[in-house]
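Just below is one structure, and these are the notes that go with it.
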Protein chains: 4
Amino acid sequence: MQTQSFLSVAQQFKVVFLDSYGVLKNYNGLIDGVQDTIDALRKRNIAIRILTNDASRSQYQQVESFYNLGLTNVEEHEVVTSGMMAKHFLQQKILDGKIAYLGTENSAHYILQSGLEHIPVREIDLKKLDEISAFVFLDDEGFDWNTDINKTVNLLRHKNLPVIVANSDKFYPVSKNDVAVATGGIAKLVENMLNKKFIHFGKPDSQMFMYAYDELGASGNFSKQEILMVGDTLHTDILGGNKFGVKTTLVLSGNTSAEDAGLQISSTGIIPDYICDSILL
Amino acid sequence: MQTQSFLSVAQQFKVVFLDSYGVLKNYNGLIDGVQDTIDALRKRNIAIRILTNDASRSQYQQVESFYNLGLTNVEEHEVVTSGMMAKHFLQQKILDGKIAYLGTENSAHYILQSGLEHIPVREIDLKKLDEISAFVFLDDEGFDWNTDINKTVNLLRHKNLPVIVANSDKFYPVSKNDVAVATGGIAKLVENMLNKKFIHFGKPDSQMFMYAYDELGASGNFSKQEILMVGDTLHTDILGGNKFGVKTTLVLSGNTSAEDAGLQISSTGIIPDYICDSILL
Amino acid sequence: MQTQSFLSVAQQFKVVFLDSYGVLKNYNGLIDGVQDTIDALRKRNIAIRILTNDASRSQYQQVESFYNLGLTNVEEHEVVTSGMMAKHFLQQKILDGKIAYLGTENSAHYILQSGLEHIPVREIDLKKLDEISAFVFLDDEGFDWNTDINKTVNLLRHKNLPVIVANSDKFYPVSKNDVAVATGGIAKLVENMLNKKFIHFGKPDSQMFMYAYDELGASGNFSKQEILMVGDTLHTDILGGNKFGVKTTLVLSGNTSAEDAGLQISSTGIIPDYICDSILL
Amino acid sequence: MQTQSFLSVAQQFKVVFLDSYGVLKNYNGLIDGVQDTIDALRKRNIAIRILTNDASRSQYQQVESFYNLGLTNVEEHEVVTSGMMAKHFLQQKILDGKIAYLGTENSAHYILQSGLEHIPVREIDLKKLDEISAFVFLDDEGFDWNTDINKTVNLLRHKNLPVIVANSDKFYPVSKNDVAVATGGIAKLVENMLNKKFIHFGKPDSQMFMYAYDELGASGNFSKQEILMVGDTLHTDILGGNKFGVKTTLVLSGNTSAEDAGLQISSTGIIPDYICDSILL
């Protein structure tokens, strides 16, 4: 697999969209040298936005987390999460009632702050669903899988509700070799049980790209040809970027290894415009 | 929905295959009058076989359970379970190593008694997988969903094994209104995570029909035209019977209600030959 | 199914997005009274945009077609088609080579006018694919199904290309009772053969909504809460509108009949905010 | 990929099930040396059966075709086709009315000879469907794709019928590099349009294995452990054999190349018991 230097690619653009996990950080913490790359981009006046399928942390908490890992100059407005998209959706579409959720109280706190009451699945009385107006899959933690997944299935069999999945990723890495089932995987299980399709947020869907693009528009005008999407996963980052109409770079520092890249590209038909070993200079 | 009397249908056949849940019993116990129907079939020398997607009980335990519910004259050889099919498969195909499983020790005890050692997921050391030769999804109980589903996903990412699903049902009823995720639903989640297809046992697949047909052959010769399959679920009982080439009867005493039957038949294209309210006389 | 008067719903909004087929017109031509409704909306200064999954006609040809049916005051900039989205994508992402296509020359003419040469599948030499840089599914006409579908499959097996589906609809109505396989259906067949996923344009995906929203922004500022999406199909119009975050109205003048609406809503979980018999006043 | 000599594997068994295309023959004709291998098996009293997903030729025509290619001693009863399974199904389940079909008259002639009238799609009047009692997908030839696929979709929308797919293969090879869409691929397109599942015949489903096993039983008793399934395709031959409970051998002379075998086995989880370059001695 012939790869290119990241800087030689990136400096052709005015904006770089970066995935977080596998590009900026991994199970070990910050990827070595990432701070230098970010600094080099900023020095060249290349705007950055971090687009991450994550519903467990607010923009503020994301920035704080990068800071703790050693990436010190990320600003809140530069982070776009799938959880934010879910939050906006709820604000626009769900105007009364209580919002039921599966996940942690922290996620519920920042995503569901739309003035409506929210209630975790475990506290719901399946015989009193009148007030429940929507259901949100937030996190893979904060509940007991032995009981709350079944309770979710029955709740959604009893009442037809808008159902939102705040992070469509099926799994996430927990170490070099191991993964864990993520929110999107649990939502898929429930969709499969009910034979329904929920409303999913996160790459490859366009919402986060659109949000970042619109927000950038406020600070100047950019055409899509001036934007580069960088990610480690074909099905989310590269497919999403391709579909949104921007150029895409696959990096081999995360989900897709140098050995697998060629085969995966040809078997999926998801073709990045560039391939780099990582975003390191 | 025009229905027929079950006896008027059944007496045209020499053998009746019966699903268990929704036909003979439900969340309340034995369906009223089922003993009379079974007696009436036996009096007319119509052979019965009970074909059930279940991996949690041996034939002996099934008979015992029917007995405790009040159906006193079912014989062991008349019960065919998906668990038996999984057991036969393992005996034919997995001849050495240890068999890993997700489920209860009771199921492991009767399904995996092929002379090989079996080991529950929770006891497995993911770094020592050399001896593991197969993986079986047995039950939805007997393990901690919070930890053991993730462990299963990682085990199957680390080692490429034959994976057997001993009961392909996605859910089972626990009360009049509620269901629980069954073994087949958990297996689907893991298949979805890994992007693989496991070997599933249970209706609508032909194995149980074939087994019952072959076993009947030992006691006389029957053609498929002399066999009737009776079930409450289009996707398992009726599709399976249709595909095996026997006549099928949908009963409205379980999963498929009188209100839904017409619509479900036309939307799925799975067409039973007869429809009866129940198997009651 | 309790329905509301369309005007009582629409006048709560500043912008109305309308699907075309099943809302404005059907197999018979323009739906009676549609001109009056459009006039009533304009009189109230409610902006309209027509969002249609169609790749067979340019904006100009769409306006002309509405005119010929009797809807005389639609303007080009008010029409948004999935074909336009495909065109923009190609302009941004495919900058050299020849674009191969399945469909009519008319569609190729207006969609593929990006300065690049385009070539219909039937004229391609499968041994000379070097110059081909992308493939587009445009139409269900303009080629011989007996030969060109197989040729498409082999072309895409021989060379890994970005593949674009300019209209993701699987079928379209040709009379009161009959449908025909549309571009999206043929693309699905090829995806299924190759085990790949192409880049689809059209509702329910967000691109057309986003385009209309951005274009509206140029003429004033609208929030999503001021926009209503109106359509006759749950899986495209209503799901797309819900996902984009605007209010949605299902009309019963097209794909979804009054008898089926309740059941389809509860079986799919795609819930419109309002239901109207049609857009007629 | 470590492979074994075919004879060293085969001589451990009393019966060998062989796939046809990719094992015995290919686009060029008979694979060199196949006659010798068949003779060697017969000399050792190893019974053979040829299990092929094919609905275009009767057993007699299959034998004739092998003969013309140079394989001179195959007997009719040694050939089992998916078309035969469809025929048996129709004989058992469809007892009156007319059978509509998509395919060649030759296939219709031998598969549909159950005393019922059969009628090709092109001759059907969609307004007179009363007598039609079943629909069969037979072949990818013998009709005009431009018109008859749409007619099939509408026929099956107008009348809810049992639908049988006589060969579930999605494609078949027509030369070293090219394939053509097969019956199963067309049926999938129609299933996708209608959102229904038809009754498919052919590997990996168990019917052909079961048929061959039962027919063998007539000439002596064999246990499944004495049977070996040999094929070139993981998803049909090997999965089907594994599921039926017999040992399986993947040969690298057809669909699965030596380069791809390891990766395909690990990515699908379909694991053959043995791998051989081909069945040649």
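Chain labels follow the order of the structure tokens: the first chain is A, the next B, and so on; residue numbering restarts at 1 in every chain, and ligands are counted from 1 in their shown order.
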Check your understanding: Do you know which residues are at most 7 Å from Val79 in chain D counting only C-alpha atoms, after dropping those on the same chain fewer than 5 positions away, and could you put them as a PyMOL selection string?
Key -> chain D and resi 49-51+59
Save out the residues we just selected, all heavy atoms, as a PDB file, in the first residue's frame.
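Output file out.pdb is given in full below:
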ATOM      1  N   ARG D  49     -22.186 -38.906  -5.215  1.00  0.00           N
ATOM      2  CA  ARG D  49     -23.404 -38.201  -5.597  1.00  0.00           C
ATOM      3  C   ARG D  49     -22.992 -36.780  -5.981  1.00  0.00           C
ATOM      4  O   ARG D  49     -22.128 -36.185  -5.312  1.00  0.00           O
ATOM      5  CB  ARG D  49     -24.407 -38.130  -4.429  1.00  0.00           C
ATOM      6  CG  ARG D  49     -25.010 -39.446  -4.023  1.00  0.00           C
ATOM      7  CD  ARG D  49     -25.916 -40.031  -5.110  1.00  0.00           C
ATOM      8  NE  ARG D  49     -26.490 -41.321  -4.725  1.00  0.00           N
ATOM      9  CZ  ARG D  49     -25.887 -42.511  -4.860  1.00  0.00           C
ATOM     10  NH1 ARG D  49     -24.663 -42.595  -5.364  1.00  0.00           N
ATOM     11  NH2 ARG D  49     -26.503 -43.609  -4.492  1.00  0.00           N
ATOM     12  N   ILE D  50     -23.583 -36.250  -7.040  1.00  0.00           N
ATOM     13  CA  ILE D  50     -23.283 -34.896  -7.506  1.00  0.00           C
ATOM     14  C   ILE D  50     -24.433 -33.989  -7.091  1.00  0.00           C
ATOM     15  O   ILE D  50     -25.566 -34.204  -7.501  1.00  0.00           O
ATOM     16  CB  ILE D  50     -23.070 -34.887  -9.035  1.00  0.00           C
ATOM     17  CG1 ILE D  50     -21.881 -35.808  -9.383  1.00  0.00           C
ATOM     18  CG2 ILE D  50     -22.841 -33.465  -9.548  1.00  0.00           C
ATOM     19  CD1 ILE D  50     -21.720 -36.091 -10.868  1.00  0.00           C
ATOM     20  N   LEU D  51     -24.140 -33.020  -6.220  1.00  0.00           N
ATOM     21  CA  LEU D  51     -25.181 -32.120  -5.699  1.00  0.00           C
ATOM     22  C   LEU D  51     -24.992 -30.743  -6.332  1.00  0.00           C
ATOM     23  O   LEU D  51     -24.034 -30.040  -6.010  1.00  0.00           O
ATOM     24  CB  LEU D  51     -25.073 -31.996  -4.172  1.00  0.00           C
ATOM     25  CG  LEU D  51     -25.750 -33.082  -3.320  1.00  0.00           C
ATOM     26  CD1 LEU D  51     -25.135 -34.448  -3.585  1.00  0.00           C
ATOM     27  CD2 LEU D  51     -25.653 -32.738  -1.841  1.00  0.00           C
ATOM     28  N   GLN D  59     -32.174 -34.694 -14.547  1.00  0.00           N
ATOM     29  CA  GLN D  59     -31.103 -35.659 -14.265  1.00  0.00           C
ATOM     30  C   GLN D  59     -30.567 -36.262 -15.558  1.00  0.00           C
ATOM     31  O   GLN D  59     -29.369 -36.384 -15.761  1.00  0.00           O
ATOM     32  CB  GLN D  59     -31.635 -36.781 -13.358  1.00  0.00           C
ATOM     33  CG  GLN D  59     -31.781 -36.365 -11.893  1.00  0.00           C
ATOM     34  CD  GLN D  59     -32.475 -37.448 -11.089  1.00  0.00           C
ATOM     35  OE1 GLN D  59     -33.595 -37.828 -11.407  1.00  0.00           O
ATOM     36  NE2 GLN D  59     -31.831 -37.934 -10.034  1.00  0.00           N
TER      37      GLN D  59
END
Exercise for review: Up to 9 Å from chain C, what residues of chain A turn up? Count only C-alpha atoms and give them as a ChimeraX atom specification.
Suggested key: /A:88-93,159-163,194-201,205-207,210,214,224-225,239,242-247,265-271,273
Review point. Mind checking DSSP for range 47-140 of chain C and telling me the helix (DSSP H, G or I) residues as a VMD selection string?
Key: chain C and resid 59 to 69 76 to 78 82 to 93 105 to 111 121 to 123
**Study point:** DSSP strand (DSSP E) residues within range 79-181 of chain C, listed as a count of residues only
**Key:** 26
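CA of Ser56 in chain D is found 9.3 Å from CA of Asp140 in chain D.
If only C-alpha atoms are the atoms counted, then among B:Met208, B:Leu189, B:Val251, B:Leu155 the closest residue to Thr81 in chain B is B:Met208.
Straight-line separation from CA of Leu129 in chain C to CA of Ala258 in chain D: 26.1 Å.
Excluding Gly115 in chain C itself and any same-chain residue fewer than 3 positions from it, the protein and nucleic acid residues within 9 Å of it, counting only C-alpha atoms, are Gln91, Leu95, Asp96 and Leu112 of chain C.
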Now that the selection is made, can you save its residues with C-alpha atoms as a PDB file, in the first residue's frame?
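So out_19.pdb came out as:
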ATOM      1  CA  GLN C  91     -18.332  17.605  -9.658  1.00  0.00           C
ATOM      2  CA  LEU C  95     -12.146  15.193 -11.503  1.00  0.00           C
ATOM      3  CA  ASP C  96     -10.805  13.130 -14.357  1.00  0.00           C
ATOM      4  CA  LEU C 112     -22.816  14.275 -16.063  1.00  0.00           C
TER       5      LEU C 112
END
